>>> print(open('my_file.cif').read())   # mmCIF, C-alpha atoms
data_my_file
loop_
_atom_site.label_atom_id
_atom_site.label_comp_id
_atom_site.auth_asym_id
_atom_site.auth_seq_id
_atom_site.Cartn_x
_atom_site.Cartn_y
_atom_site.Cartn_z
CA MET A 4 42.45 -63.12 17.84
CA ALA A 5 45.59 -63.57 15.84
CA SER A 6 48.70 -64.11 17.87
CA ASP A 7 50.73 -61.51 15.95
CA GLY A 8 48.79 -58.64 17.52
CA ASN A 9 47.82 -57.12 14.15
CA THR A 10 44.16 -56.81 15.02
CA TRP A 11 41.78 -53.94 15.46
CA PHE A 12 38.45 -54.82 17.10
CA GLY A 13 39.01 -58.42 15.98
CA LEU A 14 39.63 -57.36 12.38
CA HIS A 15 42.85 -57.33 10.40
CA GLU A 16 44.74 -54.09 10.93
CA ARG A 17 44.98 -53.71 7.14
CA VAL A 18 41.17 -53.36 6.82
CA LYS A 19 41.19 -50.32 9.14
CA PRO A 20 41.33 -47.68 6.32
CA LEU A 21 38.30 -49.24 4.61
CA VAL A 22 36.32 -49.49 7.85
CA ARG A 23 37.25 -45.93 8.83
CA ALA A 24 36.04 -44.68 5.43
CA GLY A 25 32.77 -46.59 5.81
CA LEU A 26 32.21 -45.24 9.32
CA VAL A 27 32.63 -41.61 8.22
CA LEU A 28 30.51 -42.24 5.12
CA GLY A 29 27.82 -43.84 7.31
CA ILE A 30 27.78 -40.87 9.67
CA GLY A 31 27.17 -38.57 6.71
CA LEU A 32 24.56 -40.78 5.06
CA GLY A 33 22.79 -41.40 8.38
CA GLY A 34 22.58 -37.64 8.85
CA PHE A 35 21.17 -37.23 5.36
CA VAL A 36 18.47 -39.84 6.01
CA ASP A 37 17.59 -38.17 9.31
CA GLY A 38 17.48 -34.70 7.78
CA ILE A 39 15.66 -35.60 4.59
CA VAL A 40 13.18 -38.13 5.99
CA LEU A 41 12.50 -36.88 9.54
CA HIS A 42 13.04 -33.13 9.06
CA GLN A 43 11.73 -32.55 5.54
CA ILE A 44 9.47 -35.36 4.31
CA LEU A 45 7.75 -36.46 7.54
CA GLN A 46 8.37 -33.11 9.28
CA TRP A 47 8.42 -34.77 12.69
CA HIS A 48 10.94 -32.23 13.95
CA HIS A 49 13.47 -29.61 12.94
CA MET A 50 16.90 -28.99 14.40
CA LEU A 51 15.69 -26.56 17.07
CA SER A 52 12.00 -27.47 17.27
CA ALA A 53 12.05 -28.16 21.03
CA ARG A 54 13.44 -24.66 21.69
CA THR A 55 11.31 -22.68 19.24
CA ASP A 56 7.75 -22.75 17.94
CA PRO A 57 7.93 -23.98 14.34
CA THR A 58 4.40 -22.67 13.73
CA VAL A 59 5.70 -19.09 14.09
CA LEU A 60 7.24 -17.90 10.81
CA ALA A 61 10.41 -16.41 12.35
CA ASP A 62 11.01 -19.59 14.36
CA LEU A 63 10.38 -21.75 11.29
CA ARG A 64 12.95 -19.71 9.37
CA LEU A 65 15.46 -20.23 12.18
CA ASN A 66 14.77 -23.98 12.07
CA VAL A 67 15.20 -24.08 8.29
CA VAL A 68 18.58 -22.34 8.61
CA ALA A 69 19.62 -24.71 11.40
CA ASP A 70 18.51 -27.67 9.27
CA GLY A 71 20.61 -26.24 6.43
CA PHE A 72 23.73 -26.12 8.62
CA PHE A 73 22.96 -29.68 9.72
CA HIS A 74 22.73 -30.80 6.08
CA ALA A 75 26.00 -29.01 5.30
CA ALA A 76 27.70 -30.93 8.11
CA THR A 77 26.33 -34.25 6.87
CA PHE A 78 27.50 -33.33 3.36
CA PHE A 79 31.04 -32.76 4.64
CA PHE A 80 31.01 -36.08 6.51
CA THR A 81 29.86 -37.82 3.33
CA ILE A 82 32.57 -36.15 1.23
CA GLY A 83 35.13 -37.00 3.92
CA GLY A 84 34.03 -40.63 3.78
CA VAL A 85 34.42 -40.69 -0.01
CA VAL A 86 37.92 -39.17 0.27
CA LEU A 87 38.90 -41.78 2.87
CA LEU A 88 37.43 -44.50 0.66
CA VAL A 89 39.52 -43.42 -2.34
CA ARG A 90 42.62 -43.39 -0.14
CA ALA A 91 41.77 -46.86 1.17
CA TRP A 92 41.30 -48.21 -2.36
CA ARG A 93 44.72 -46.87 -3.30
CA GLY A 94 46.33 -48.83 -0.47
CA SER A 95 47.80 -52.02 -1.89
CA ASP A 96 47.41 -53.97 1.34
CA VAL A 97 43.74 -53.03 1.94
CA PRO A 98 41.53 -56.03 1.08
CA PRO A 99 38.79 -55.30 -1.47
CA SER A 100 35.77 -56.07 0.68
CA GLY A 101 32.28 -54.89 -0.16
CA ARG A 102 31.04 -56.41 3.09
CA ALA A 103 33.55 -54.41 5.12
CA LEU A 104 32.46 -51.21 3.38
CA LEU A 105 28.74 -51.98 3.69
CA GLY A 106 29.03 -53.09 7.31
CA SER A 107 31.11 -50.11 8.38
CA THR A 108 28.73 -47.73 6.60
CA ILE A 109 25.80 -49.27 8.50
CA ALA A 110 27.81 -49.01 11.72
CA GLY A 111 28.60 -45.35 10.92
CA TRP A 112 24.88 -44.67 10.57
CA GLY A 113 24.49 -46.23 14.01
CA VAL A 114 27.22 -43.98 15.41
CA PHE A 115 25.34 -41.00 13.98
CA ASN A 116 22.09 -42.12 15.63
CA LEU A 117 23.77 -42.66 19.01
CA VAL A 118 25.71 -39.40 19.05
CA GLU A 119 22.90 -37.28 17.62
CA GLY A 120 20.38 -38.94 19.92
CA ILE A 121 22.44 -38.52 23.07
CA VAL A 122 23.60 -34.96 22.34
CA ASN A 123 20.57 -33.36 20.66
CA HIS A 124 17.69 -35.31 22.20
CA HIS A 125 18.94 -35.92 25.74
CA LEU A 126 21.78 -33.56 26.68
CA LEU A 127 20.84 -30.39 24.79
CA GLY A 128 17.15 -31.16 24.32
CA ILE A 129 17.01 -29.07 21.13
CA HIS A 130 14.65 -31.51 19.43
CA HIS A 131 13.10 -34.94 19.81
CA VAL A 132 12.41 -37.63 17.21
CA ARG A 133 8.62 -37.37 17.23
CA PRO A 134 7.33 -35.08 19.97
CA ASP A 135 3.66 -35.62 19.12
CA GLY A 136 3.92 -39.31 18.25
CA PRO A 137 2.12 -42.20 19.93
CA GLY A 138 3.86 -43.46 23.04
CA GLY A 139 5.42 -40.16 24.02
CA VAL A 140 8.72 -38.40 23.42
CA PHE A 141 10.82 -40.75 25.52
CA LEU A 142 9.75 -43.84 23.56
CA TRP A 143 10.77 -42.34 20.20
CA ASP A 144 14.06 -40.94 21.53
CA VAL A 145 15.05 -44.25 23.13
CA GLY A 146 13.98 -46.10 19.98
CA PHE A 147 16.32 -43.86 17.99
CA LEU A 148 19.19 -44.74 20.35
CA LEU A 149 18.36 -48.44 20.12
CA SER A 150 18.36 -48.22 16.32
CA GLY A 151 21.87 -46.78 16.55
CA ALA A 152 23.08 -49.63 18.75
CA LEU A 153 21.48 -52.19 16.42
CA PHE A 154 23.06 -50.57 13.35
CA ILE A 155 26.49 -50.68 15.01
CA ALA A 156 26.10 -54.34 16.01
CA GLY A 157 24.61 -55.30 12.66
CA GLY A 158 27.28 -53.44 10.72
CA TYR A 159 30.04 -55.14 12.71
CA ALA A 160 28.40 -58.51 12.04
CA VAL A 161 28.36 -57.79 8.28
CA ILE A 162 32.07 -56.86 8.36
CA ARG A 163 32.88 -60.12 10.14
CA LEU A 164 31.14 -62.16 7.42
CA ASP A 165 34.13 -61.59 5.15
CA ASP A 166 37.07 -63.90 5.91
CA ARG A 167 39.48 -61.33 4.42
CA THR A 168 38.72 -58.89 7.21
CA VAL A 169 38.59 -61.16 10.26
CA ALA A 170 41.67 -61.96 12.31
CA GLY A 171 41.75 -65.15 14.27
CA PRO A 172 41.24 -68.89 13.80
CA ARG A 173 39.81 -68.56 10.27
CA GLU A 174 42.98 -66.77 9.19
CA ASP A 175 45.56 -68.61 7.07
CA PRO A 176 48.96 -67.55 8.53
CA ALA A 177 50.72 -68.07 5.18
CA ALA A 178 48.25 -65.76 3.41
CA SER A 179 48.98 -62.82 5.71
CA ASP A 180 52.65 -62.58 4.69
#
>>> encode(input="my_file.cif", output="structure tokens")
Amino acid sequence: MASDGNTWFGLHERVKPLVRAGLVLGIGLGGFVDGIVLHQILQWHHMLSARTDPTVLADLRLNVVADGFFHAATFFFTIGGVVLLVRAWRGSDVPPSGRALLGSTIAGWGVFNLVEGIVNHHLLGIHHVRPDGPGGVFLWDVGFLLSGALFIAGGYAVIRLDDRTVAGPREDPAASD
């Protein structure tokens, strides 16, 4: 780490606005992928499918409404990420790094998977990834959590590929002034 203390998770402090924007954007986009692919296209589950019977019309309607609120939340996260991204781009000291944005967006998707998996699958038990899938419910739910951890680690690795974002030995002290 740099000796001047201007680091944030081993990254330059000045890259923080860009990473924060990517994280929020990734949470929103990860939610969209979950909702569109798992809820609508594959129809593996709905938001409340472990608490209701989605084969009963009234329960299906409730699940569709709950899925709609879920999509609205992911929409607001995505818009929030775009707003933060515009603010970051306006900052003169924020390095223009596509890798930092891509990596933090991937990491944000991982944060979504971890939080949604822990809260909805394990703590609240309102739905599971694929309740009727091969290997059982636990396998799919744990796989979802593992995908979140891998996305976070992979996203962080992508961010660190850009020398403009990394603080430490690769840093040129004269360039940071």
>>> closest_residue(input="my_file.cif", among="A:Leu14, A:Leu28, A:Leu164, A:Val36", to="A:Arg102", atoms="only C-alpha atoms")
A:Leu164
>>> atom_distance(input="my_file.cif", atom1="atom CA of A:Val27", atom2="atom CA of A:Ile129")
23.8 Å
>>> closest_residue(input="my_file.cif", among="A:Ala61, A:Leu88, A:Ala76, A:Ile44", to="A:Lys19", atoms="only C-alpha atoms")
A:Leu88
>>> resolve_selection(input="my_file.cif", expression="the PyMOL selection byres ((chain A and resi 145) around 12)", output="list in words")
Asn116, Leu117, Glu119, Gly120, Ile121, His124, His125, His131, Val132, Arg133, Gly138, Gly139, Val140, Phe141, Leu142, Trp143, Asp144, Gly146, Phe147, Leu148, Leu149, Ser150, Gly151 and Ala152 of chain A
>>> write_last_selection(input="my_file.cif", atoms="C-alpha atoms", output="PDB file, in the coordinates of the input")
ATOM      1  CA  ASN A 116      22.090 -42.120  15.630  1.00  0.00           C
ATOM      2  CA  LEU A 117      23.770 -42.660  19.010  1.00  0.00           C
ATOM      3  CA  GLU A 119      22.900 -37.280  17.620  1.00  0.00           C
ATOM      4  CA  GLY A 120      20.380 -38.940  19.920  1.00  0.00           C
ATOM      5  CA  ILE A 121      22.440 -38.520  23.070  1.00  0.00           C
ATOM      6  CA  HIS A 124      17.690 -35.310  22.200  1.00  0.00           C
ATOM      7  CA  HIS A 125      18.940 -35.920  25.740  1.00  0.00           C
ATOM      8  CA  HIS A 131      13.100 -34.940  19.810  1.00  0.00           C
ATOM      9  CA  VAL A 132      12.410 -37.630  17.210  1.00  0.00           C
ATOM     10  CA  ARG A 133       8.620 -37.370  17.230  1.00  0.00           C
ATOM     11  CA  GLY A 138       3.860 -43.460  23.040  1.00  0.00           C
ATOM     12  CA  GLY A 139       5.420 -40.160  24.020  1.00  0.00           C
ATOM     13  CA  VAL A 140       8.720 -38.400  23.420  1.00  0.00           C
ATOM     14  CA  PHE A 141      10.820 -40.750  25.520  1.00  0.00           C
ATOM     15  CA  LEU A 142       9.750 -43.840  23.560  1.00  0.00           C
ATOM     16  CA  TRP A 143      10.770 -42.340  20.200  1.00  0.00           C
ATOM     17  CA  ASP A 144      14.060 -40.940  21.530  1.00  0.00           C
ATOM     18  CA  GLY A 146      13.980 -46.100  19.980  1.00  0.00           C
ATOM     19  CA  PHE A 147      16.320 -43.860  17.990  1.00  0.00           C
ATOM     20  CA  LEU A 148      19.190 -44.740  20.350  1.00  0.00           C
ATOM     21  CA  LEU A 149      18.360 -48.440  20.120  1.00  0.00           C
ATOM     22  CA  SER A 150      18.360 -48.220  16.320  1.00  0.00           C
ATOM     23  CA  GLY A 151      21.870 -46.780  16.550  1.00  0.00           C
ATOM     24  CA  ALA A 152      23.080 -49.630  18.750  1.00  0.00           C
TER      25      ALA A 152
END
>>> residues_around(input="my_file.cif", residues="A:Trp92", least_positions_apart="6", cutoff="9 Å", atoms="only C-alpha atoms", output="compact mmCIF listing (two decimals) with C-alpha atoms, in the coordinates of the input")
# COMPACT_ATOMS: atom_id res chain seq x y z
CA PRO A 20 41.33 -47.68 6.32
CA LEU A 21 38.30 -49.24 4.61
CA PRO A 98 41.53 -56.03 1.08
CA PRO A 99 38.79 -55.30 -1.47
>>> resolve_selection(input="my_file.cif", expression="the PyMOL selection byres ((chain A and resi 70) around 8)", output="PyMOL selection string")
chain A and resi 38+42+49-50+66-69+71-74
>>> residues_around(input="my_file.cif", residues="A:Val85", least_positions_apart="6", cutoff="12 Å", atoms="all atoms listed in the file", output="ChimeraX atom specification")
/A:20-32,78-79,91-92,104,108
>>> atom_distance(input="my_file.cif", atom1="atom CA of A:Ala110", atom2="atom CA of A:Gly94")
22.2 Å
>>> atom_distance(input="my_file.cif", atom1="atom CA of A:Ile109", atom2="atom CA of A:Tyr159")
8.4 Å
>>> closest_residue(input="my_file.cif", among="A:Leu126, A:Val40, A:Ile155, A:Leu45", to="A:Gly106", atoms="all atoms listed in the file")
A:Ile155
>>> resolve_selection(input="my_file.cif", expression="the PyMOL selection byres ((chain A and resi 53) around 9)", output="MDAnalysis selection string")
chainID A and resid 48:52 54:57 128:131 134
>>> closest_residue(input="my_file.cif", among="A:Asn123, A:Gln43, A:Thr81, A:Ser95", to="A:Gly111", atoms="only C-alpha atoms")
A:Thr81
